[in-house]
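Colleague: input11.cif is the file, holding mmCIF, C-alpha atoms and all ligand atoms:
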```
data_data
#
loop_
_atom_site.label_atom_id
_atom_site.label_comp_id
_atom_site.auth_asym_id
_atom_site.auth_seq_id
_atom_site.Cartn_x
_atom_site.Cartn_y
_atom_site.Cartn_z
CA MET A 243 94.61 88.88 53.19
CA SER A 244 91.68 86.55 52.77
CA ARG A 245 89.36 88.66 54.90
CA SER A 246 87.89 91.76 53.33
CA LEU A 247 87.89 95.19 54.96
CA THR A 248 84.29 94.76 56.01
CA THR A 249 84.56 91.21 57.38
CA ALA A 250 84.81 92.16 61.01
CA LEU A 251 81.85 94.49 60.81
CA THR A 252 78.47 93.14 61.76
CA VAL A 253 76.23 93.36 58.77
CA GLU A 254 72.72 94.55 59.55
CA GLY A 255 70.49 94.80 56.51
CA ASN A 256 73.55 95.18 54.26
CA ARG A 257 74.80 98.09 56.39
CA PRO A 258 77.98 97.40 58.31
CA SER A 259 77.60 98.61 61.89
CA ARG A 260 80.25 100.86 63.34
CA CYS A 261 82.46 99.97 66.25
CA ALA A 262 81.71 102.44 69.06
CA LEU A 263 84.43 104.62 70.57
CA PRO A 264 85.56 102.88 73.77
CA PRO A 265 84.70 104.60 77.05
CA GLY A 266 87.51 106.74 78.35
CA LEU A 267 88.34 108.28 74.99
CA GLU A 268 87.01 111.78 74.39
CA PRO A 269 85.64 112.12 70.85
CA ALA A 270 86.44 115.84 70.75
CA ARG A 271 90.11 115.22 71.58
CA LEU A 272 90.90 112.51 69.08
CA PRO A 273 93.76 113.21 66.68
CA ALA A 274 92.55 114.43 63.28
CA HIS A 275 95.42 112.63 61.57
CA VAL A 276 97.22 109.48 62.72
CA ALA A 277 100.46 108.30 61.08
CA VAL A 278 101.86 104.80 61.58
CA ILE A 279 105.26 103.21 61.06
CA MET A 280 104.26 99.56 60.79
CA ASP A 281 107.35 97.83 62.11
CA GLY A 282 108.05 94.30 63.29
CA ASN A 283 106.47 92.11 60.60
CA GLY A 284 109.68 90.15 60.09
CA ARG A 285 110.23 89.62 63.82
CA TRP A 286 106.61 88.52 64.26
CA ALA A 287 107.16 85.86 61.61
CA GLY A 288 110.58 84.90 63.04
CA GLN A 289 109.08 84.32 66.49
CA ARG A 290 106.75 81.77 64.87
CA LYS A 291 109.48 80.23 62.70
CA LEU A 292 107.61 81.41 59.62
CA PRO A 293 109.10 83.09 56.54
CA ARG A 294 109.32 86.90 56.91
CA VAL A 295 106.71 87.41 54.20
CA MET A 296 104.07 85.79 56.41
CA GLY A 297 104.59 88.70 58.76
CA HIS A 298 103.77 91.11 55.92
CA ARG A 299 100.58 89.18 55.13
CA GLU A 300 99.50 89.43 58.73
CA GLY A 301 100.56 93.09 58.71
CA VAL A 302 97.93 93.76 56.07
CA GLU A 303 95.27 92.44 58.49
CA ALA A 304 96.55 94.80 61.18
CA LEU A 305 96.40 97.70 58.74
CA LYS A 306 92.82 96.87 57.74
CA ARG A 307 91.84 96.67 61.44
CA THR A 308 93.45 100.03 62.14
CA LEU A 309 91.82 101.69 59.14
CA ARG A 310 88.40 100.35 60.07
CA LEU A 311 88.69 101.52 63.68
CA CYS A 312 90.02 104.98 62.74
CA SER A 313 87.19 105.32 60.24
CA ASP A 314 84.55 104.19 62.76
CA TRP A 315 85.84 106.61 65.39
CA GLY A 316 85.81 109.61 63.07
CA ILE A 317 89.57 110.10 62.69
CA GLY A 318 89.99 112.16 59.53
CA SER A 319 93.23 110.75 58.08
CA LEU A 320 95.40 107.68 58.47
CA THR A 321 98.84 107.65 56.84
CA ALA A 322 100.78 104.38 56.80
CA TYR A 323 104.42 103.78 55.85
CA ALA A 324 104.17 100.72 53.60
CA PHE A 325 107.43 100.84 51.62
CA SER A 326 110.31 103.26 51.96
CA THR A 327 112.80 104.32 49.30
CA GLU A 328 115.36 102.28 51.31
CA ASN A 329 113.24 99.10 51.29
CA TRP A 330 114.50 98.27 47.75
CA ASN A 331 117.67 97.11 49.54
CA ARG A 332 115.83 94.10 50.99
CA PRO A 333 116.28 90.69 49.35
CA GLY A 334 114.73 90.66 45.84
CA GLU A 335 112.27 87.93 46.82
CA GLU A 336 110.88 89.97 49.70
CA VAL A 337 110.54 93.09 47.53
CA SER A 338 108.67 91.12 44.83
CA PHE A 339 106.44 89.58 47.47
CA LEU A 340 105.58 93.02 48.84
CA MET A 341 104.79 94.43 45.37
CA THR A 342 102.52 91.47 44.62
CA LEU A 343 100.93 91.81 48.04
CA PHE A 344 100.13 95.49 47.41
CA GLU A 345 98.57 94.55 44.05
CA ARG A 346 96.48 91.73 45.49
CA VAL A 347 95.26 93.73 48.46
CA LEU A 348 94.31 96.70 46.29
CA ALA A 349 92.46 94.57 43.76
CA LYS A 350 90.63 92.67 46.48
CA GLU A 351 89.77 95.54 48.80
CA LEU A 352 88.82 98.25 46.31
CA LYS A 353 85.09 97.51 46.51
CA ALA A 354 85.12 97.60 50.30
CA LEU A 355 87.09 100.86 50.27
CA GLU A 356 84.49 102.36 47.93
CA GLN A 357 81.59 101.15 50.09
CA GLU A 358 83.23 102.41 53.25
CA GLN A 359 83.73 105.88 51.70
CA VAL A 360 87.52 105.65 52.17
CA ARG A 361 89.61 108.04 50.06
CA ILE A 362 92.82 106.17 49.27
CA ARG A 363 95.97 107.80 47.93
CA PHE A 364 99.50 106.53 47.48
CA LEU A 365 102.30 108.93 48.32
CA GLY A 366 105.81 108.44 46.96
CA ASP A 367 107.69 107.96 43.70
CA LEU A 368 105.05 105.78 42.10
CA GLU A 369 106.61 105.63 38.63
CA GLN A 370 109.28 103.24 39.95
CA LEU A 371 106.64 100.70 40.96
CA PRO A 372 105.63 97.79 38.70
CA GLU A 373 103.32 98.85 35.86
CA GLY A 374 100.40 96.70 37.04
CA LEU A 375 100.58 98.17 40.53
CA GLN A 376 100.70 101.71 39.13
CA GLN A 377 97.50 101.04 37.20
CA LEU A 378 95.72 99.62 40.24
CA ILE A 379 96.85 102.64 42.27
CA GLN A 380 95.54 105.05 39.63
CA ASP A 381 92.22 103.20 39.46
CA ALA A 382 91.78 103.06 43.24
CA THR A 383 92.71 106.73 43.63
CA ASP A 384 90.27 107.84 40.91
CA ARG A 385 87.44 105.64 42.08
CA THR A 386 87.63 106.78 45.70
CA ALA A 387 88.55 110.45 45.15
CA SER A 388 85.03 111.78 45.66
CA ASN A 389 84.34 109.65 48.74
CA THR A 390 83.54 111.52 51.91
CA GLY A 391 85.10 109.32 54.61
CA ILE A 392 88.56 108.83 56.06
CA ARG A 393 91.59 109.79 53.98
CA PHE A 394 93.90 106.79 53.78
CA ASN A 395 97.42 107.58 52.60
CA VAL A 396 99.71 104.70 51.82
CA CYS A 397 103.34 105.84 51.61
CA THR A 398 104.89 103.60 48.98
CA ASN A 399 108.42 104.10 47.65
CA TYR A 400 108.33 107.10 49.96
CA GLY A 401 111.26 108.97 51.50
CA GLY A 402 110.92 112.13 53.56
CA ARG A 403 114.16 113.72 52.34
CA ARG A 404 113.25 112.94 48.75
CA GLU A 405 109.87 114.61 49.28
CA LEU A 406 111.58 117.74 50.65
CA VAL A 407 114.01 117.86 47.72
CA ARG A 408 111.08 117.51 45.31
CA ALA A 409 109.26 120.41 46.98
CA ALA A 410 112.39 122.59 46.82
CA ARG A 411 112.84 121.73 43.14
CA LEU A 412 109.22 122.61 42.31
CA LEU A 413 109.57 125.97 44.03
CA ALA A 414 112.91 126.62 42.31
CA GLN A 415 111.31 125.88 38.93
CA GLU A 416 108.58 128.42 39.64
CA VAL A 417 111.19 131.02 40.57
CA ALA A 418 113.30 130.23 37.49
CA SER A 419 110.32 130.62 35.18
CA GLY A 420 109.41 133.95 36.75
CA GLU A 421 106.11 132.65 38.16
CA ARG A 422 107.24 133.13 41.75
CA ASP A 423 109.10 135.74 43.77
CA PRO A 424 111.64 134.03 46.09
CA ASP A 425 110.32 136.21 48.94
CA SER A 426 106.95 134.49 48.60
CA ILE A 427 108.46 131.18 49.74
CA ASP A 428 107.21 130.64 53.25
CA GLU A 429 106.14 127.56 55.24
CA GLN A 430 102.73 127.55 53.61
CA ALA A 431 104.21 127.69 50.10
CA PHE A 432 106.61 124.88 50.98
CA ALA A 433 103.87 122.70 52.46
CA SER A 434 101.79 123.20 49.31
CA LYS A 435 104.48 121.34 47.32
CA LEU A 436 104.54 118.29 49.60
CA LEU A 437 102.73 115.06 48.71
CA THR A 438 100.39 115.67 51.65
CA ALA A 439 99.38 119.16 50.44
CA GLY A 440 95.92 120.11 51.64
CA GLU A 441 95.88 117.70 54.59
CA PRO A 442 96.48 118.59 58.21
CA ASP A 443 99.80 117.40 59.64
CA PRO A 444 99.65 114.20 61.72
CA ASP A 445 98.88 114.86 65.39
CA LEU A 446 100.01 111.42 66.45
CA LEU A 447 102.75 109.11 65.15
CA ILE A 448 102.56 105.49 66.25
CA ARG A 449 105.61 103.28 65.78
CA THR A 450 105.41 99.61 66.61
CA SER A 451 108.08 97.10 67.65
CA GLY A 452 109.84 99.43 70.08
CA GLU A 453 112.20 101.13 67.61
CA GLN A 454 112.71 104.79 68.47
CA ARG A 455 113.36 106.33 65.07
CA ILE A 456 111.49 108.37 62.47
CA SER A 457 113.19 106.50 59.60
CA ASN A 458 112.82 109.22 56.96
CA PHE A 459 109.03 109.35 57.38
CA LEU A 460 107.08 112.62 56.94
CA LEU A 461 110.03 114.72 58.10
CA TRP A 462 108.28 118.07 57.63
CA GLN A 463 104.78 116.98 58.62
CA LEU A 464 105.75 115.36 61.94
CA ALA A 465 107.23 118.58 63.35
CA TYR A 466 104.71 118.79 66.21
CA ALA A 467 103.32 115.24 66.26
CA GLU A 468 103.08 113.40 69.56
CA LEU A 469 105.05 110.14 69.40
CA HIS A 470 103.69 106.87 70.71
CA ILE A 471 106.16 104.01 70.59
CA THR A 472 104.89 100.57 71.52
CA ASP A 473 106.66 97.22 71.82
CA VAL A 474 103.71 95.52 70.10
CA LEU A 475 104.82 94.06 66.76
CA TRP A 476 102.76 95.43 63.85
CA PRO A 477 100.86 92.19 63.03
CA ASP A 478 99.65 92.12 66.66
CA PHE A 479 98.49 95.75 66.59
CA ASP A 480 94.81 95.60 67.52
CA GLU A 481 92.02 97.64 69.08
CA THR A 482 93.62 97.49 72.54
CA ALA A 483 96.92 98.79 71.16
CA LEU A 484 95.19 101.58 69.22
CA VAL A 485 93.13 102.62 72.24
CA SER A 486 96.27 102.74 74.33
CA ALA A 487 97.96 104.99 71.72
CA LEU A 488 94.92 107.28 71.66
CA MET A 489 94.76 107.38 75.48
CA ASP A 490 98.44 108.27 75.56
CA PHE A 491 97.75 111.05 73.03
CA GLN A 492 94.83 112.41 75.06
CA ASN A 493 97.02 112.55 78.15
CA ARG A 494 99.62 114.73 76.46
CA GLN A 495 99.68 118.48 76.79
CA ARG A 496 100.36 119.92 73.36
CA ARG A 497 102.14 123.25 73.45
CA PHE A 498 103.46 123.73 69.90
CA GLY A 499 106.50 125.55 71.30
CA GLY A 500 104.40 127.78 73.57
CA VAL A 501 103.72 127.43 77.28
CA ALA A 502 101.02 125.45 79.04
CA SER A 503 97.82 127.43 79.58
CA VAL A 504 97.29 128.06 83.28
CA SER A 505 93.91 128.64 84.84
CA SER A 506 93.94 131.54 87.31
C1 LIG B 601 108.05 96.59 58.38
O1 LIG B 601 108.32 95.36 59.03
C2 LIG B 601 106.97 96.45 57.40
C3 LIG B 601 107.06 96.65 56.04
C4 LIG B 601 108.29 97.12 55.38
C5 LIG B 601 105.95 96.40 55.11
C6 LIG B 601 104.64 96.84 55.59
C7 LIG B 601 103.61 96.58 54.57
C8 LIG B 601 102.37 96.13 54.84
C9 LIG B 601 101.88 95.84 56.21
C10 LIG B 601 101.43 95.91 53.71
C11 LIG B 601 100.60 97.13 53.42
C12 LIG B 601 99.76 96.85 52.23
C13 LIG B 601 98.95 97.74 51.58
C14 LIG B 601 98.30 97.39 50.33
C15 LIG B 601 98.69 99.08 52.07
P1 LIG B 601 109.79 94.76 58.92
O2 LIG B 601 109.82 93.82 57.75
O3 LIG B 601 110.78 95.86 58.86
O4 LIG B 601 109.89 93.96 60.26
P2 LIG B 601 111.23 93.68 61.08
O5 LIG B 601 111.75 95.02 61.52
O6 LIG B 601 110.75 92.84 62.22
O7 LIG B 601 112.17 92.95 60.17
#
```
Show me the file's structure as structure tokens.

Modeller:
Amino acid sequence: MSRSLTTALTVEGNRPSRCALPPGLEPARLPAHVAVIMDGNGRWAGQRKLPRVMGHREGVEALKRTLRLCSDWGIGSLTAYAFSTENWNRPGEEVSFLMTLFERVLAKELKALEQEQVRIRFLGDLEQLPEGLQQLIQDATDRTASNTGIRFNVCTNYGGRRELVRAARLLAQEVASGERDPDSIDEQAFASKLLTAGEPDPDLLIRTSGEQRISNFLLWQLAYAELHITDVLWPDFDETALVSALMDFQNRQRRFGGVASVSS
């Protein structure tokens, strides 16, 4: 948490230099949108006999690394699962630590996010978050909204089913008020009521720590995403791990329910 987003960049005449795309990765075949389930912070800390919260602190560093690399390599969107609607069931101390961590990181990194042209948004039921955090979120969202770089979505108090129910309710309200004909409800109309409206669906989902679940994350949006599951624990997720996820992605044949194209 003590290092800022730009720390690892080499500063040349006040301009941070970009980290080049490693050889072997094809720029034209990078995913436009990467989603990550950052799992394994607690286990990382446990392996070192540290309190679980130290794993979350180190997880922030891994997230900053990932954001910086995705931004440098021209990936359009990064969506990270920071806090699920189920995470309130964790011990009160851990929940408070996480809320304070989000506040501290946002306050500290906002300048760097602005300089790096990152567009940050928080997706989820934000009104249930502490007041101070809500204000920081609003400020960060407003101040980075007109940036032109990577879109960085932080799913906070987010649940995929809840998001789908919300979309259904919004459509139902439009029908009830006479604004909408039920026959006009198609996939596009539904997607327009999701928290990710206007963004392409993730092409690649990375989940760390070896768990093979979606855990109520982006249930609609991940319909055709390629899944990359790695045993690396989130705090250890680094450039090598990201390159290996991107290589894996570039080796997949995406068919979207069709058949593979054959050259005659
Ligand atoms: C999962 O590990 C991780 C979390 C629930 C929290 C992730 C949050 C961050 C990395 C901070 C992000 C901060 C900002 C401001 C965007 P776990 O605790 O479930 O690990 P375990 O499965 O090993 O117990």

Colleague: Using only C-alpha atoms and all ligand atoms, find each residue with an atom at most 6 Å away from ligand LIG 601 (chain B) and format the answer as a ChimeraX atom specification.

Modeller: /A:280-285,298,301-302,324-325,344,347-348,396

Colleague: For the atom pair CA of Asp381 (chain A) and CA of Pro442 (chain A), what is the interatomic distance in Å to one decimal place?

Modeller: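 About the pair CA of Asp381 (chain A) and CA of Pro442 (chain A): they are 24.6 Å apart.
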
Colleague: What is the CA of Ala467 (chain A)-CA of Ser486 (chain A) distance in Å, reported with one decimal?

Modeller: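 These atoms are spaced 16.5 Å apart.
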
Colleague: Would you list the contacts of Gln492 (chain A) as a count of residues only, taking every protein, DNA or RNA residue within 12 Å and counting all atoms listed in the file, but skipping same-chain residues closer than 3 positions in sequence?

Modeller: 20

Colleague: Using all atoms listed in the file, determine which residues lie at most 10 Å from Arg455 (chain A), disregarding the query and same-chain residues fewer than 5 positions distant; provide the list as a list in words.

Modeller: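 Here the answer would be Ile279, Arg449 and Ile471 of chain A.
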
Colleague: Can you tell me how far CA of Ala439 (chain A) sits from CA of Leu365 (chain A), in Å to one decimal?

Modeller: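 Those two atoms sit 10.8 Å apart.
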
Colleague: Using only C-alpha atoms, which residue out of A:Glu421, A:Glu405, A:Asp367, A:Asp384 lies closest to Asn458 (chain A)?

Modeller: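 Going through A:Glu421, A:Glu405, A:Asp367, A:Asp384 one by one, the smallest distance to Asn458 (chain A) is for A:Glu405.
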